>>> print(open('query-v4.csv').read())   # CSV, C-alpha atoms
chain,number,residue,atom,x,y,z
S,1,MET,CA,21.2,-3.4,-58.9
S,2,ALA,CA,19.6,-0.1,-58.0
S,3,THR,CA,17.0,-1.9,-56.0
S,4,SER,CA,19.7,-3.9,-54.1
S,5,ALA,CA,21.6,-0.7,-53.4
S,6,ILE,CA,18.5,1.0,-52.1
S,7,THR,CA,17.7,-1.9,-49.8
S,8,THR,CA,21.3,-2.0,-48.5
S,9,THR,CA,21.1,1.7,-47.8
S,10,VAL,CA,17.8,1.4,-45.9
S,11,ARG,CA,19.1,-1.5,-43.8
S,12,THR,CA,22.3,0.5,-43.0
S,13,ARG,CA,20.2,3.5,-41.9
S,14,ARG,CA,18.0,1.3,-39.8
S,15,ARG,CA,21.0,-0.2,-38.0
S,16,THR,CA,22.5,3.2,-37.5
S,17,SER,CA,19.2,4.5,-36.2
S,18,SER,CA,18.7,1.5,-33.9
S,19,GLY,CA,22.2,1.8,-32.5
S,20,THR,CA,21.8,5.6,-31.9
S,21,GLY,CA,18.4,5.0,-30.3
S,22,GLY,CA,19.9,2.4,-27.9
S,23,LYS,CA,22.7,4.7,-26.9
S,24,SER,CA,20.3,7.6,-26.3
S,25,ALA,CA,18.1,5.4,-24.2
S,26,ALA,CA,21.1,4.2,-22.2
S,27,LEU,CA,22.2,7.7,-21.7
S,28,PHE,CA,18.9,8.9,-20.3
S,29,LEU,CA,18.3,5.8,-18.2
S,30,THR,CA,21.7,5.8,-16.6
S,31,PRO,CA,20.9,8.5,-14.0
S,32,PHE,CA,17.7,6.6,-13.0
S,33,PHE,CA,19.5,3.3,-12.5
S,34,ALA,CA,22.3,5.0,-10.6
S,35,VAL,CA,19.9,6.6,-8.2
S,36,PHE,CA,17.9,3.3,-7.9
S,37,ALA,CA,21.1,1.3,-7.1
S,38,VAL,CA,22.2,3.8,-4.5
S,39,ALA,CA,18.8,4.5,-2.9
S,40,MET,CA,17.1,1.1,-3.2
S,41,VAL,CA,19.4,-1.8,-4.1
S,42,ALA,CA,22.4,-0.8,-1.8
S,43,PRO,CA,20.3,-0.4,1.4
S,44,VAL,CA,18.5,-3.7,0.8
S,45,VAL,CA,21.8,-5.5,0.3
S,46,TYR,CA,23.3,-3.8,3.4
S,47,SER,CA,20.2,-4.8,5.4
S,48,ILE,CA,20.6,-8.4,4.3
S,49,VAL,CA,24.2,-8.5,5.3
S,50,LEU,CA,23.5,-6.7,8.6
S,51,SER,CA,20.8,-9.2,9.5
S,52,PHE,CA,23.4,-12.1,9.6
S,53,TYR,CA,25.6,-10.3,12.2
S,54,SER,CA,25.2,-9.3,15.9
S,55,GLN,CA,26.9,-6.8,18.2
S,56,GLN,CA,28.1,-8.7,21.2
S,57,LYS,CA,30.0,-7.6,24.3
S,58,SER,CA,32.2,-9.9,26.4
S,59,GLY,CA,32.1,-10.4,30.1
S,60,LEU,CA,29.5,-8.3,32.0
S,61,GLY,CA,28.7,-6.2,29.0
S,62,PHE,CA,31.5,-3.7,29.4
S,63,GLY,CA,34.0,-2.9,26.8
S,64,GLU,CA,33.8,-2.5,23.0
S,65,ALA,CA,31.2,-4.5,21.2
S,66,LYS,CA,32.4,-7.0,18.6
S,67,THR,CA,30.6,-7.8,15.4
S,68,THR,CA,29.9,-11.6,15.2
S,69,PHE,CA,28.5,-13.6,12.4
S,70,VAL,CA,25.4,-15.4,13.8
S,71,GLY,CA,23.7,-16.7,10.6
S,72,ILE,CA,19.9,-16.8,10.9
S,73,GLU,CA,19.8,-16.3,14.6
S,74,ASN,CA,18.4,-12.8,14.3
S,75,TYR,CA,15.6,-14.1,12.1
S,76,LEU,CA,14.8,-16.9,14.6
S,77,GLN,CA,14.7,-14.4,17.5
S,78,VAL,CA,12.4,-12.0,15.6
S,79,LEU,CA,10.0,-14.8,14.7
S,80,ALA,CA,10.1,-16.1,18.3
S,81,SER,CA,9.1,-12.6,19.6
S,82,GLU,CA,5.5,-12.6,20.8
S,83,SER,CA,5.2,-8.9,20.1
S,84,PHE,CA,6.4,-9.3,16.5
S,85,VAL,CA,4.1,-12.3,15.8
S,86,GLY,CA,1.3,-10.5,17.5
S,87,GLY,CA,1.9,-7.5,15.3
S,88,ILE,CA,1.6,-9.7,12.2
S,89,VAL,CA,-1.7,-11.2,13.5
S,90,ARG,CA,-3.0,-7.7,14.2
S,91,LEU,CA,-1.9,-6.5,10.7
S,92,LEU,CA,-3.8,-9.5,9.2
S,93,VAL,CA,-7.0,-8.5,11.1
S,94,TYR,CA,-6.4,-5.0,9.8
S,95,CYS,CA,-6.2,-6.2,6.2
S,96,ILE,CA,-9.4,-8.3,6.6
S,97,ILE,CA,-11.3,-5.3,7.7
S,98,TYR,CA,-9.6,-2.5,5.7
S,99,ILE,CA,-9.2,-4.0,2.2
S,100,PRO,CA,-12.9,-5.0,1.7
S,101,ALA,CA,-14.1,-1.8,3.2
S,102,MET,CA,-11.9,0.5,1.2
S,103,VAL,CA,-12.0,-1.3,-2.1
S,104,GLY,CA,-15.7,-1.9,-1.8
S,105,ALA,CA,-16.4,1.7,-1.2
S,106,ALA,CA,-14.2,2.7,-4.1
S,107,VAL,CA,-16.0,0.4,-6.5
S,108,VAL,CA,-19.4,1.7,-5.4
S,109,PHE,CA,-18.5,5.4,-5.7
S,110,ALA,CA,-16.8,4.8,-9.1
S,111,LEU,CA,-19.9,3.0,-10.4
S,112,LEU,CA,-22.2,5.7,-9.1
S,113,LEU,CA,-20.1,8.4,-10.8
S,114,ASP,CA,-20.0,6.5,-14.1
S,115,ALA,CA,-23.8,5.9,-14.0
S,116,GLY,CA,-24.4,9.6,-13.6
S,117,VAL,CA,-26.3,9.1,-10.3
S,118,ALA,CA,-24.2,11.7,-8.5
S,119,ARG,CA,-25.0,15.2,-9.4
S,120,ALA,CA,-22.3,17.8,-9.7
S,121,ARG,CA,-19.9,15.1,-10.8
S,122,LYS,CA,-16.7,17.2,-10.8
S,123,LEU,CA,-17.4,18.5,-7.3
S,124,PHE,CA,-18.1,15.0,-6.1
S,125,GLN,CA,-14.8,13.8,-7.5
S,126,LEU,CA,-13.0,16.6,-5.8
S,127,LEU,CA,-14.6,15.9,-2.5
S,128,VAL,CA,-13.9,12.2,-2.7
S,129,PHE,CA,-10.3,12.7,-3.7
S,130,LEU,CA,-9.6,15.5,-1.3
S,131,PRO,CA,-8.8,13.3,1.8
S,132,HIS,CA,-6.0,11.7,-0.2
S,133,ALA,CA,-4.4,15.0,-0.6
S,134,VAL,CA,-4.0,15.4,3.1
S,135,PRO,CA,-0.6,13.9,4.3
S,136,GLY,CA,-0.9,10.8,6.4
S,137,VAL,CA,0.6,12.5,9.5
S,138,ILE,CA,-1.9,15.3,9.3
S,139,ALA,CA,-4.8,12.9,8.8
S,140,ALA,CA,-3.7,10.9,11.8
S,141,LEU,CA,-3.5,14.0,13.9
S,142,ILE,CA,-6.9,15.2,12.8
S,143,TRP,CA,-8.5,11.8,13.6
S,144,SER,CA,-6.6,11.7,17.0
S,145,TYR,CA,-8.4,14.9,17.9
S,146,LEU,CA,-11.8,13.5,16.7
S,147,TYR,CA,-11.2,10.3,18.7
S,148,THR,CA,-10.1,11.8,22.0
S,149,PRO,CA,-12.8,12.0,24.6
S,150,GLY,CA,-13.4,15.3,26.3
S,151,ILE,CA,-12.3,17.4,23.3
S,152,SER,CA,-13.8,15.6,20.3
S,153,PRO,CA,-17.0,17.1,18.9
S,154,LEU,CA,-17.7,13.7,17.3
S,155,VAL,CA,-17.6,11.9,20.6
S,156,GLN,CA,-19.7,14.6,22.2
S,157,ALA,CA,-22.3,14.4,19.4
S,158,LEU,CA,-22.5,10.7,19.8
S,159,ALA,CA,-22.8,11.0,23.6
S,160,SER,CA,-25.6,13.5,23.3
S,161,GLY,CA,-27.5,10.9,21.2
S,162,GLY,CA,-27.0,8.2,23.9
S,163,ILE,CA,-24.1,6.5,22.2
S,164,GLN,CA,-21.0,6.0,24.4
S,165,ILE,CA,-18.0,5.0,22.4
S,166,ASN,CA,-14.3,5.3,23.3
S,167,PHE,CA,-12.6,5.1,19.9
S,168,LEU,CA,-9.2,4.8,21.6
S,169,ASP,CA,-9.8,1.8,23.9
S,170,ALA,CA,-8.4,-1.6,23.2
S,171,HIS,CA,-11.6,-2.9,21.5
S,172,TRP,CA,-12.1,0.1,19.2
S,173,VAL,CA,-8.6,1.3,18.3
S,174,LEU,CA,-8.1,-1.1,15.4
S,175,PRO,CA,-11.4,-0.2,13.6
S,176,SER,CA,-10.5,3.5,14.3
S,177,ILE,CA,-7.2,3.1,12.5
S,178,VAL,CA,-9.0,1.2,9.7
S,179,ASN,CA,-11.3,4.2,9.4
S,180,ILE,CA,-8.3,6.5,8.9
S,181,GLY,CA,-7.0,4.3,6.1
S,182,VAL,CA,-10.3,4.1,4.4
S,183,TRP,CA,-10.8,7.9,4.6
S,184,GLU,CA,-7.3,8.5,3.1
S,185,TRP,CA,-7.3,6.0,0.2
S,186,THR,CA,-10.8,5.5,-1.0
S,187,GLY,CA,-10.9,8.7,-3.1
S,188,TYR,CA,-7.6,7.8,-4.8
S,189,ASN,CA,-8.8,4.4,-5.9
S,190,VAL,CA,-12.2,5.9,-7.0
S,191,ILE,CA,-10.3,8.0,-9.5
S,192,ILE,CA,-8.4,5.0,-10.9
S,193,LEU,CA,-11.6,2.9,-11.2
S,194,PHE,CA,-13.6,5.8,-12.7
S,195,THR,CA,-10.9,6.3,-15.3
S,196,ALA,CA,-11.1,2.6,-16.2
S,197,LEU,CA,-14.8,2.8,-16.5
S,198,GLN,CA,-14.4,5.6,-19.0
S,199,ALA,CA,-12.7,3.1,-21.3
S,200,VAL,CA,-15.7,0.8,-21.3
S,201,PRO,CA,-17.2,0.9,-24.9
S,202,ARG,CA,-20.3,3.1,-24.8
S,203,GLU,CA,-21.9,1.2,-27.6
S,204,VAL,CA,-21.9,-2.0,-25.5
S,205,LEU,CA,-23.7,-0.1,-22.7
S,206,GLU,CA,-26.2,1.4,-25.1
S,207,ALA,CA,-27.0,-2.0,-26.6
S,208,ALA,CA,-27.6,-3.4,-23.1
S,209,ARG,CA,-29.9,-0.5,-22.3
S,210,VAL,CA,-31.9,-1.1,-25.5
S,211,ASP,CA,-32.3,-4.7,-24.4
S,212,GLY,CA,-33.8,-3.4,-21.1
S,213,ALA,CA,-30.9,-3.8,-18.8
S,214,SER,CA,-31.1,-1.6,-15.7
S,215,GLU,CA,-28.1,0.4,-14.4
S,216,ILE,CA,-27.6,-2.1,-11.6
S,217,ARG,CA,-27.4,-4.9,-14.1
S,218,LEU,CA,-25.1,-2.9,-16.3
S,219,SER,CA,-22.8,-2.3,-13.4
S,220,LEU,CA,-22.7,-6.0,-12.2
S,221,SER,CA,-22.7,-7.7,-15.6
S,222,ILE,CA,-20.7,-5.4,-17.9
S,223,LYS,CA,-18.8,-2.6,-16.1
S,224,PHE,CA,-17.5,-4.6,-13.1
S,225,PRO,CA,-16.0,-7.5,-15.2
S,226,LEU,CA,-14.3,-5.0,-17.5
S,227,ILE,CA,-12.6,-3.1,-14.7
S,228,LEU,CA,-11.2,-6.2,-13.1
S,229,PRO,CA,-7.6,-5.5,-14.4
S,230,ALA,CA,-7.7,-2.1,-12.7
S,231,LEU,CA,-9.1,-3.6,-9.6
S,232,SER,CA,-6.3,-6.2,-9.6
S,233,VAL,CA,-3.7,-3.4,-9.6
S,234,ILE,CA,-5.5,-1.7,-6.8
S,235,MET,CA,-5.6,-4.9,-4.7
S,236,LEU,CA,-1.8,-5.4,-5.3
S,237,PHE,CA,-0.7,-2.0,-4.2
S,238,THR,CA,-3.2,-1.9,-1.4
S,239,ILE,CA,-1.8,-5.1,0.1
S,240,ILE,CA,1.8,-3.8,-0.3
S,241,GLY,CA,0.8,-0.5,1.3
S,242,THR,CA,-1.0,-2.2,4.2
S,243,LEU,CA,2.2,-4.1,5.1
S,244,GLN,CA,3.9,-0.7,5.4
S,245,LEU,CA,1.4,0.5,8.1
S,246,PHE,CA,3.3,2.8,10.4
S,247,THR,CA,2.3,6.4,10.5
S,248,GLU,CA,-1.3,6.1,11.7
S,249,PRO,CA,-0.8,3.8,14.6
S,250,THR,CA,2.3,5.7,15.7
S,251,ILE,CA,0.4,8.9,15.9
S,252,ILE,CA,-2.7,7.3,17.5
S,253,GLY,CA,-0.4,5.6,20.0
S,254,LYS,CA,0.5,9.0,21.4
S,255,ALA,CA,-3.2,9.4,22.5
S,256,THR,CA,-3.8,5.9,23.9
S,257,SER,CA,-1.9,3.1,25.6
S,258,ALA,CA,-3.8,0.6,23.6
S,259,VAL,CA,-1.3,1.0,20.8
S,260,THR,CA,2.2,0.0,21.9
S,261,SER,CA,5.5,0.7,20.3
S,262,THR,CA,5.5,-2.7,18.7
S,263,TRP,CA,1.8,-2.7,17.6
S,264,VAL,CA,2.6,-3.6,14.0
S,265,PRO,CA,5.7,-5.1,12.4
S,266,ASN,CA,7.1,-1.8,11.0
S,267,MET,CA,6.8,-0.3,14.5
S,268,TRP,CA,8.5,-3.3,15.9
S,269,ALA,CA,11.4,-2.8,13.5
S,270,TYR,CA,11.6,0.9,14.3
S,271,ASP,CA,11.6,0.2,18.1
S,272,ALA,CA,14.4,-2.4,17.6
S,273,ALA,CA,16.5,0.0,15.7
S,274,PHE,CA,16.0,3.4,17.5
S,275,ILE,CA,14.8,2.5,21.0
S,276,ARG,CA,16.6,-0.8,21.7
S,277,HIS,CA,19.5,0.1,19.4
S,278,ASN,CA,19.6,-3.4,17.9
S,279,LEU,CA,20.1,-2.7,14.2
S,280,ASN,CA,20.7,-6.4,13.4
S,281,GLN,CA,17.3,-7.5,14.6
S,282,ALA,CA,15.7,-4.5,13.0
S,283,ALA,CA,17.3,-5.5,9.7
S,284,ALA,CA,16.1,-9.1,10.0
S,285,ALA,CA,12.6,-7.8,10.8
S,286,SER,CA,12.7,-5.6,7.7
S,287,ILE,CA,13.7,-8.4,5.5
S,288,ILE,CA,10.9,-10.6,6.9
S,289,ILE,CA,8.4,-7.9,6.1
S,290,ALA,CA,9.8,-7.4,2.6
S,291,ALA,CA,9.7,-11.2,2.0
S,292,LEU,CA,6.1,-11.3,3.2
S,293,ALA,CA,5.2,-8.5,0.9
S,294,ALA,CA,6.8,-10.3,-2.0
S,295,ILE,CA,5.0,-13.5,-1.3
S,296,LEU,CA,1.6,-11.8,-1.0
S,297,SER,CA,2.2,-9.8,-4.2
S,298,LEU,CA,3.1,-12.9,-6.1
S,299,ALA,CA,0.0,-14.7,-4.8
S,300,VAL,CA,-2.3,-11.8,-5.7
S,301,THR,CA,-0.7,-11.5,-9.1
S,302,ARG,CA,-1.2,-15.2,-9.9
S,303,PHE,CA,-4.7,-15.1,-8.6
S,304,ASN,CA,-5.6,-12.1,-10.7
S,305,SER,CA,-4.0,-13.7,-13.8
S,306,ARG,CA,-6.1,-16.8,-13.4
S,307,MET,CA,-9.3,-14.7,-12.8
S,308,ASN,CA,-8.6,-12.7,-16.0
S,309,LYS,CA,-8.0,-15.9,-18.0
S,310,ALA,CA,-11.3,-17.4,-16.7
>>> encode(input="query-v4.csv", output="structure tokens")
Amino acid sequence: MATSAITTTVRTRRRTSSGTGGKSAALFLTPFFAVFAVAMVAPVVYSIVLSFYSQQKSGLGFGEAKTTFVGIENYLQVLASESFVGGIVRLLVYCIIYIPAMVGAAVVFALLLDAGVARARKLFQLLVFLPHAVPGVIAALIWSYLYTPGISPLVQALASGGIQINFLDAHWVLPSIVNIGVWEWTGYNVIILFTALQAVPREVLEAARVDGASEIRLSLSIKFPLILPALSVIMLFTIIGTLQLFTEPTIIGKATSAVTSTWVPNMWAYDAAFIRHNLNQAAAASIIIAALAAILSLAVTRFNSRMNKA
């Protein structure tokens, strides 16, 4: 009887504790979900609704505009826009150049740091990470100065060596913007990968060294496979961030005519909303960009899960 009473008391306390914990968690999470609903969910829902309507004026365009339900017409007009489709193609080319360059550099630097090849490791980490601490607008302004002929010491130094390059012409402006992105984000991802490398069991590495494995073989056969989960996360967020490209081309566009106001999809949506004052098409373009990000994120996630299982 005593044992039964004790068991009943313990179960009651567990239920009470569980109920109290759930209420406490709900209490602390309520402010977050409230802000999330207001700042994230509500704007997305409003954009979806806005994208199915259009502001139309009767007659010769005079008079008050009327809001009319047009269904998917805004989406069709956005997808039929040559400048929007051209921006998507340009963004795809940017991804093809930027992602391998940035991720590859981050992997190499992280492996060098972990192997102890770089001397003054703490200083090297700081120097690699420092560009990421510079805001994107400031970074774009700095590189605009370094790219502009006539005032750039970089262009002058190359010219003195017999290399004539205009980083802001139509042929070089895309790689120039890629360079800004690589400069900004490589150090951030180096820190993530280096942290993942610190979790690799040291005894496994020591056993491989005893067997005669070189540092290159250790990096390729042991370290790299073990940091694939961290690399998968980096790839996912890099793709999402690339689709949000806006700041760098907008700033660079002030220094060259090669970058138009609709150079990438986000710039197209901004131009539609604040230059052409067509909020409905801007909302439709934003939803298309968000859907593209969701599809690519799902594809990368599934690919990474299959690679990890393999």
>>> atom_distance(input="query-v4.csv", atom1="CA of Leu193 (chain S)", atom2="CA of Pro135 (chain S)")
22.0 Å
>>> residues_near_point(input="query-v4.csv", point="(19.8, -4.3, 6.2)", cutoff="8 Å", atoms="all atoms listed in the file", output="list of chain:residue names")
S:Pro43, S:Val44, S:Val45, S:Tyr46, S:Ser47, S:Ile48, S:Val49, S:Leu50, S:Ser51, S:Asn280, S:Ala282, S:Ala283, S:Ala284, S:Ser286, S:Ile287
>>> atom_distance(input="query-v4.csv", atom1="CA of Pro153 (chain S)", atom2="CA of Glu184 (chain S)")
20.4 Å
>>> closest_residue(input="query-v4.csv", among="S:Met102, S:Ala65, S:Leu111, S:Val78", to="Phe194 (chain S)", atoms="all atoms listed in the file")
S:Leu111
>>> closest_residue(input="query-v4.csv", among="S:Ala272, S:Ala199, S:Leu158, S:Val178", to="Ala285 (chain S)", atoms="all atoms listed in the file")
S:Ala272
>>> residues_around(input="query-v4.csv", residues="Ala299 (chain S)", least_positions_apart="5", cutoff="12 Å", atoms="only C-alpha atoms", output="list in words")
Ser232, Met235, Leu236, Ile239, Ile240, Leu292, Ala293, Ala294, Asn304, Ser305 and Arg306 of chain S
>>> closest_residue(input="query-v4.csv", among="S:Leu279, S:Gly150, S:Cys95, S:Lys223", to="Gln244 (chain S)", atoms="only C-alpha atoms")
S:Cys95
>>> closest_residue(input="query-v4.csv", among="S:Gln77, S:Ala115, S:Leu123, S:Ile99", to="Arg217 (chain S)", atoms="only C-alpha atoms")
S:Ala115
>>> closest_residue(input="query-v4.csv", among="S:Ser81, S:Ser24, S:Gln164, S:Thr242", to="Ser297 (chain S)", atoms="only C-alpha atoms")
S:Thr242
>>> atom_distance(input="query-v4.csv", atom1="CA of Leu228 (chain S)", atom2="CA of Leu197 (chain S)")
10.3 Å
>>> closest_residue(input="query-v4.csv", among="S:Val204, S:Ser221, S:Leu226, S:Tyr270", to="Met307 (chain S)", atoms="all atoms listed in the file")
S:Leu226
>>> build_atoms(input="query-v4.csv", residues="region 97-124 of chain S", atoms="N, CA and C atoms", output="compact mmCIF listing (two decimals), in the coordinates of the input")
# COMPACT_ATOMS: atom_id res chain seq x y z
N ILE S 97 -10.29 -6.31 7.56
CA ILE S 97 -11.30 -5.30 7.70
C ILE S 97 -11.12 -4.17 6.66
N TYR S 98 -9.88 -3.74 6.51
CA TYR S 98 -9.60 -2.50 5.70
C TYR S 98 -9.77 -2.75 4.20
N ILE S 99 -9.22 -3.83 3.66
CA ILE S 99 -9.20 -4.00 2.20
C ILE S 99 -10.65 -4.14 1.65
N PRO S 100 -11.51 -5.00 2.19
CA PRO S 100 -12.90 -5.00 1.70
C PRO S 100 -13.63 -3.72 1.81
N ALA S 101 -13.43 -3.04 2.95
CA ALA S 101 -14.10 -1.80 3.20
C ALA S 101 -13.69 -0.71 2.21
N MET S 102 -12.39 -0.54 2.05
CA MET S 102 -11.90 0.50 1.20
C MET S 102 -12.13 0.22 -0.29
N VAL S 103 -11.81 -0.99 -0.73
CA VAL S 103 -12.00 -1.30 -2.10
C VAL S 103 -13.48 -1.38 -2.49
N GLY S 104 -14.30 -1.91 -1.59
CA GLY S 104 -15.70 -1.90 -1.80
C GLY S 104 -16.32 -0.54 -1.98
N ALA S 105 -15.91 0.37 -1.08
CA ALA S 105 -16.40 1.70 -1.20
C ALA S 105 -15.92 2.41 -2.46
N ALA S 106 -14.68 2.15 -2.86
CA ALA S 106 -14.20 2.70 -4.10
C ALA S 106 -14.93 2.25 -5.32
N VAL S 107 -15.25 0.96 -5.36
CA VAL S 107 -16.00 0.40 -6.50
C VAL S 107 -17.40 1.03 -6.55
N VAL S 108 -18.07 1.13 -5.41
CA VAL S 108 -19.40 1.70 -5.40
C VAL S 108 -19.43 3.14 -5.83
N PHE S 109 -18.51 3.94 -5.30
CA PHE S 109 -18.50 5.40 -5.70
C PHE S 109 -18.14 5.52 -7.16
N ALA S 110 -17.20 4.71 -7.66
CA ALA S 110 -16.80 4.80 -9.10
C ALA S 110 -18.00 4.44 -9.98
N LEU S 111 -18.74 3.40 -9.64
CA LEU S 111 -19.90 3.00 -10.40
C LEU S 111 -20.99 4.05 -10.39
N LEU S 112 -21.19 4.66 -9.23
CA LEU S 112 -22.20 5.70 -9.10
C LEU S 112 -21.81 6.93 -9.97
N LEU S 113 -20.52 7.27 -9.96
CA LEU S 113 -20.10 8.40 -10.80
C LEU S 113 -20.26 8.09 -12.26
N ASP S 114 -19.91 6.89 -12.67
CA ASP S 114 -20.00 6.50 -14.10
C ASP S 114 -21.46 6.44 -14.54
N ALA S 115 -22.33 6.04 -13.64
CA ALA S 115 -23.80 5.90 -14.00
C ALA S 115 -24.45 7.26 -14.04
N GLY S 116 -23.78 8.30 -13.58
CA GLY S 116 -24.40 9.60 -13.60
C GLY S 116 -25.38 9.85 -12.49
N VAL S 117 -25.32 8.97 -11.45
CA VAL S 117 -26.30 9.10 -10.30
C VAL S 117 -25.92 10.34 -9.51
N ALA S 118 -24.61 10.57 -9.33
CA ALA S 118 -24.20 11.70 -8.50
C ALA S 118 -24.26 12.99 -9.32
N ARG S 119 -24.95 13.95 -8.78
CA ARG S 119 -25.00 15.20 -9.40
C ARG S 119 -23.76 16.04 -9.11
N ALA S 120 -23.48 17.05 -9.91
CA ALA S 120 -22.30 17.80 -9.70
C ALA S 120 -21.06 16.91 -9.68
N ARG S 121 -20.88 16.14 -10.76
CA ARG S 121 -19.90 15.10 -10.80
C ARG S 121 -18.48 15.57 -10.47
N LYS S 122 -18.08 16.68 -11.07
CA LYS S 122 -16.70 17.20 -10.80
C LYS S 122 -16.52 17.56 -9.37
N LEU S 123 -17.52 18.18 -8.76
CA LEU S 123 -17.40 18.50 -7.30
C LEU S 123 -17.35 17.28 -6.49
N PHE S 124 -18.14 16.26 -6.84
CA PHE S 124 -18.10 15.00 -6.10
C PHE S 124 -16.77 14.33 -6.19
